[in-house]
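The structure appears below as structure tokens.
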Amino acid sequence: MAARSRSDARVGLLNGFAAYGMWGLVPLFWPLLKPAGAAEILAHRMVWSLAFVAVSLIVVRRWAWAGELLRQPRRLALVTVAAAVITVNWGVYIWAVNSGHVVEASLGYFINPLVTIAMGVLILKERLRPAQWAAVGVGLAAVVVLSVGHGRPPWISLCLAFSFATYGLVKKKVNLGGVESLAAETAIQFLPALGYLLWLSAHGDATFGSRGAGHAALLASTGVVTAVPLVCFGAAAIRVPLSTLGLLQYLAPVFQFGLGILYFHEAMPAERWAGFALVWLALTLLTWDALRTAHRRAARPRLAAGLPGPGTGTPRAPRPAASTGPVGGGDTDGPGPVANRDVQV
């Protein structure tokens with residue numbers, strides 16, 4: 001049993017690296033689709049993603065959720081909101097990459113955890129620990145530094161961060177699996193996307209079919225590029241701890257940032273380095289706080305049972321049953337931030 005558990009953990013970790021690695025390297029893919037514009041690429045992504053996930057669901061025969069969803073108008077409305085928000089996210093990201101703003105796009109996914117936490121406080125009335133408040137404050141300082149340095153707010157980053165944080169919040173309420181959720185969202189996107197592609201074709205502006213079979217195949221592969229990382233993420237999510245996934249999520253913007261500087265040779269003036277340094281400081285605070293909190297929560301059941309806590313060899317006496325305070329005294333943990341489990345770029 002232990003060997004199987006270790007094997008599952010390795011499989012989960014490999015799938016996690018694969019998912020976030022593919023999301024991190026996707027800026028290399030979108031320029032291959034030129035001369036198609038961002039709107040045409042986005043429409044093809046919607047159409048071919050639905051085709052890919054529909055075939056996948058037919059193969060595994062997972063359709064029961066669709067009937068349930070159609071019988072729940074409120075849930076269906078939330079899926080529609082999610083589809084609209086992710087459309088904005090996908091469109092801005094594709095445009096940013098193909099317009100030479102890869103570094104600014106990567107910043108959006110660096111600050112996304114901070115925006116998610118802020119939305120948890122403002123919308124879900126969650127309580128933050130001091131380290132989380134400090135991280136949000138440092139993140140706001142980073143945005144101010146970048147805005148002053150560029151003479152404008154980093155609107156691409158903010159748009160990506162807020163749209164994806166909103167998407168995560170809505171998906172938390174919908175509570176659908178990754179592939180099922182993508183199928184529902186792309187089903188809503190399908191008709192407008194197909195209509196736009198037909199309109200482009202009628203006006204002679206479509207690149208699909210007019211730029212050769214290779215270009216058409218690349219546009220069709222947008223469905224695979226969208227769905228395969230999500231499948232890998234789903235395989236990782238059920239096999240590795242959420243804290244591990246939380247650390248892995250930084251791989252994608254790190255890869256994107258590296259590509260922006262080393263491959264696309266985007267400029268990095270001093271004020272941009274300063275802004276990124278503040279964001280990384282904020283993420284370091286968040287990561288440290290999350291790991292510390294996870295360690296304490298894992299230790300509490302063992303300590304309450306009189307077993308050794310992690311990293312100790314001495315059993316501790318169980319707490320009296322009448323005591324309602326937290327183990328260790330004085331450290332009351334509020335709810336964590338909104339869980340943003342479906343990374344999608």
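Chains: A, B, ... in order of the structure tokens. Residues: from 1 per chain. Ligands: from 1, in order shown.
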
All residues 9 Å or closer to region 252-260 of chain A, only C-alpha atoms, same chain fewer than 3 positions away omitted, as an mmCIF file with C-alpha atoms, in the first residue's frame:
```cif
data_model
loop_
_atom_site.group_PDB
_atom_site.id
_atom_site.type_symbol
_atom_site.label_atom_id
_atom_site.label_comp_id
_atom_site.auth_asym_id
_atom_site.auth_seq_id
_atom_site.Cartn_x
_atom_site.Cartn_y
_atom_site.Cartn_z
ATOM 1 C CA ALA A 19 0.521 20.859 -16.569
ATOM 2 C CA TYR A 20 2.272 23.949 -15.251
ATOM 3 C CA GLY A 21 5.200 23.425 -17.620
ATOM 4 C CA MET A 22 2.869 23.431 -20.628
ATOM 5 C CA TRP A 23 1.061 26.507 -19.341
ATOM 6 C CA GLY A 24 4.436 28.166 -18.805
ATOM 7 C CA LEU A 25 5.683 27.383 -22.313
ATOM 8 C CA VAL A 26 2.475 28.258 -24.162
ATOM 9 C CA PRO A 27 3.824 31.727 -25.175
ATOM 10 C CA LEU A 28 5.952 29.824 -27.691
ATOM 11 C CA VAL A 97 1.857 37.387 -26.162
ATOM 12 C CA GLY A 100 5.263 41.576 -27.329
ATOM 13 C CA HIS A 101 3.967 41.781 -23.744
ATOM 14 C CA VAL A 102 4.932 38.344 -22.420
ATOM 15 C CA VAL A 103 6.611 39.728 -19.284
ATOM 16 C CA GLU A 104 3.598 41.856 -18.385
ATOM 17 C CA ALA A 105 1.346 38.845 -18.981
ATOM 18 C CA SER A 106 3.490 36.734 -16.644
ATOM 19 C CA LEU A 107 3.094 39.423 -13.982
ATOM 20 C CA GLY A 108 -0.665 38.890 -14.159
ATOM 21 C CA TYR A 109 -0.288 35.284 -13.035
ATOM 22 C CA PHE A 110 2.254 36.224 -10.366
ATOM 23 C CA LEU A 248 3.848 24.262 -8.509
ATOM 24 C CA GLN A 249 1.514 27.020 -9.735
ATOM 25 C CA TYR A 263 13.598 34.375 -25.848
ATOM 26 C CA PHE A 264 11.451 37.380 -26.759
ATOM 27 C CA HIS A 265 14.097 39.865 -25.483
ATOM 28 C CA GLU A 266 11.614 42.215 -23.856
ATOM 29 C CA ALA A 267 12.983 45.231 -22.007
#
```

Problem - Nearby residues (only C-alpha atoms) at most 12 Å from Lys34 (chain A), same-chain spacing under 3 positions excluded, as a PyMOL selection string - result: chain A and resi 28-31+37-41+94-95+97-99+206-208+211+214-216+218-219

Filtering to N, CA, C and O atoms, could you give me those residues as a CSV table (one decimal), in the first residue's frame?
```csv
chain,number,residue,atom,x,y,z
A,28,LEU,N,5.3,30.2,-26.5
A,28,LEU,CA,6.0,29.8,-27.7
A,28,LEU,C,5.0,29.4,-28.8
A,28,LEU,O,5.3,29.4,-30.0
A,29,PHE,N,3.8,29.0,-28.4
A,29,PHE,CA,2.8,28.5,-29.4
A,29,PHE,C,2.0,29.6,-30.1
A,29,PHE,O,1.9,29.5,-31.3
A,30,TRP,N,1.5,30.6,-29.4
A,30,TRP,CA,0.6,31.5,-30.0
A,30,TRP,C,1.3,32.3,-31.2
A,30,TRP,O,0.6,32.5,-32.2
A,31,PRO,N,2.5,32.7,-31.1
A,31,PRO,CA,3.1,33.3,-32.3
A,31,PRO,C,3.1,32.4,-33.6
A,31,PRO,O,3.2,33.0,-34.7
A,37,GLY,N,-5.1,36.9,-36.3
A,37,GLY,CA,-5.2,37.8,-35.2
A,37,GLY,C,-5.7,37.2,-33.9
A,37,GLY,O,-6.1,36.0,-33.9
A,38,ALA,N,-5.5,37.9,-32.8
A,38,ALA,CA,-5.9,37.4,-31.5
A,38,ALA,C,-7.4,36.9,-31.5
A,38,ALA,O,-7.7,35.9,-30.9
A,39,ALA,N,-8.3,37.7,-32.1
A,39,ALA,CA,-9.7,37.3,-32.1
A,39,ALA,C,-10.0,36.0,-32.8
A,39,ALA,O,-10.7,35.2,-32.4
A,40,GLU,N,-9.3,35.8,-34.0
A,40,GLU,CA,-9.5,34.6,-34.7
A,40,GLU,C,-8.9,33.4,-34.0
A,40,GLU,O,-9.5,32.3,-33.9
A,41,ILE,N,-7.7,33.6,-33.4
A,41,ILE,CA,-7.1,32.5,-32.6
A,41,ILE,C,-8.0,32.1,-31.4
A,41,ILE,O,-8.3,31.0,-31.2
A,94,ILE,N,-3.7,36.0,-25.3
A,94,ILE,CA,-3.2,35.7,-26.7
A,94,ILE,C,-2.7,37.0,-27.3
A,94,ILE,O,-1.7,37.1,-27.9
A,95,TRP,N,-3.5,38.1,-27.1
A,95,TRP,CA,-3.1,39.4,-27.7
A,95,TRP,C,-1.8,39.9,-27.1
A,95,TRP,O,-0.9,40.4,-27.8
A,97,VAL,N,0.7,38.2,-25.7
A,97,VAL,CA,1.9,37.4,-26.2
A,97,VAL,C,2.2,37.8,-27.6
A,97,VAL,O,3.4,38.0,-27.9
A,98,ASN,N,1.3,37.9,-28.5
A,98,ASN,CA,1.5,38.1,-29.9
A,98,ASN,C,1.8,39.6,-30.1
A,98,ASN,O,2.2,40.0,-31.3
A,99,SER,N,1.7,40.4,-29.1
A,99,SER,CA,2.0,41.9,-29.3
A,99,SER,C,3.3,42.3,-28.5
A,99,SER,O,3.6,43.5,-28.3
A,206,ALA,N,-10.5,35.4,-43.1
A,206,ALA,CA,-10.1,34.2,-42.3
A,206,ALA,C,-8.8,33.6,-42.9
A,206,ALA,O,-8.6,33.6,-44.1
A,207,THR,N,-7.9,33.2,-41.9
A,207,THR,CA,-6.6,32.6,-42.4
A,207,THR,C,-6.7,31.1,-42.4
A,207,THR,O,-5.9,30.4,-43.0
A,208,PHE,N,-7.8,30.5,-41.8
A,208,PHE,CA,-8.0,29.1,-41.8
A,208,PHE,C,-8.4,28.6,-43.2
A,208,PHE,O,-9.3,29.1,-43.8
A,211,ARG,N,-4.1,29.7,-45.7
A,211,ARG,CA,-2.7,29.7,-45.4
A,211,ARG,C,-2.0,28.4,-45.4
A,211,ARG,O,-0.9,28.2,-44.9
A,214,GLY,N,-0.8,23.3,-43.0
A,214,GLY,CA,-0.1,23.4,-41.7
A,214,GLY,C,-0.6,24.4,-40.8
A,214,GLY,O,-0.8,24.2,-39.6
A,215,HIS,N,-1.0,25.6,-41.4
A,215,HIS,CA,-1.6,26.7,-40.5
A,215,HIS,C,-2.9,26.2,-40.0
A,215,HIS,O,-3.3,26.5,-38.8
A,216,ALA,N,-3.7,25.6,-40.9
A,216,ALA,CA,-5.0,25.1,-40.4
A,216,ALA,C,-4.9,24.0,-39.3
A,216,ALA,O,-5.7,24.1,-38.3
A,218,LEU,N,-2.5,23.9,-37.1
A,218,LEU,CA,-2.0,24.6,-35.9
A,218,LEU,C,-3.3,25.2,-35.2
A,218,LEU,O,-3.4,25.2,-34.0
A,219,LEU,N,-4.1,25.9,-36.0
A,219,LEU,CA,-5.3,26.5,-35.4
A,219,LEU,C,-6.2,25.4,-34.8
A,219,LEU,O,-6.8,25.6,-33.7
```

Practice task
Step one, run DSSP on the backbone; step two, keep only residues of region 37-164 of chain A assigned to alpha helix (DSSP H); then write them as a PyMOL selection string.
Solution key: chain A and resi 38-60+64-70+73-98+102-122+130-150+155-164

Handout entry: Of the listed residues A:Leu114, A:Leu198, A:Ala193, A:Leu122, that which approaches Ala134 (chain A) most closely, counting only C-alpha atoms
Key =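 The answer is A:Leu114, which sits nearest to Ala134 (chain A).
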
Handout entry: Spatial neighbours of Leu278 (chain A), 12 Å, only C-alpha atoms, chain gap at least 4 places, as a ChimeraX atom specification
Key = /A:107,110-111,134-146,271-274,282-285
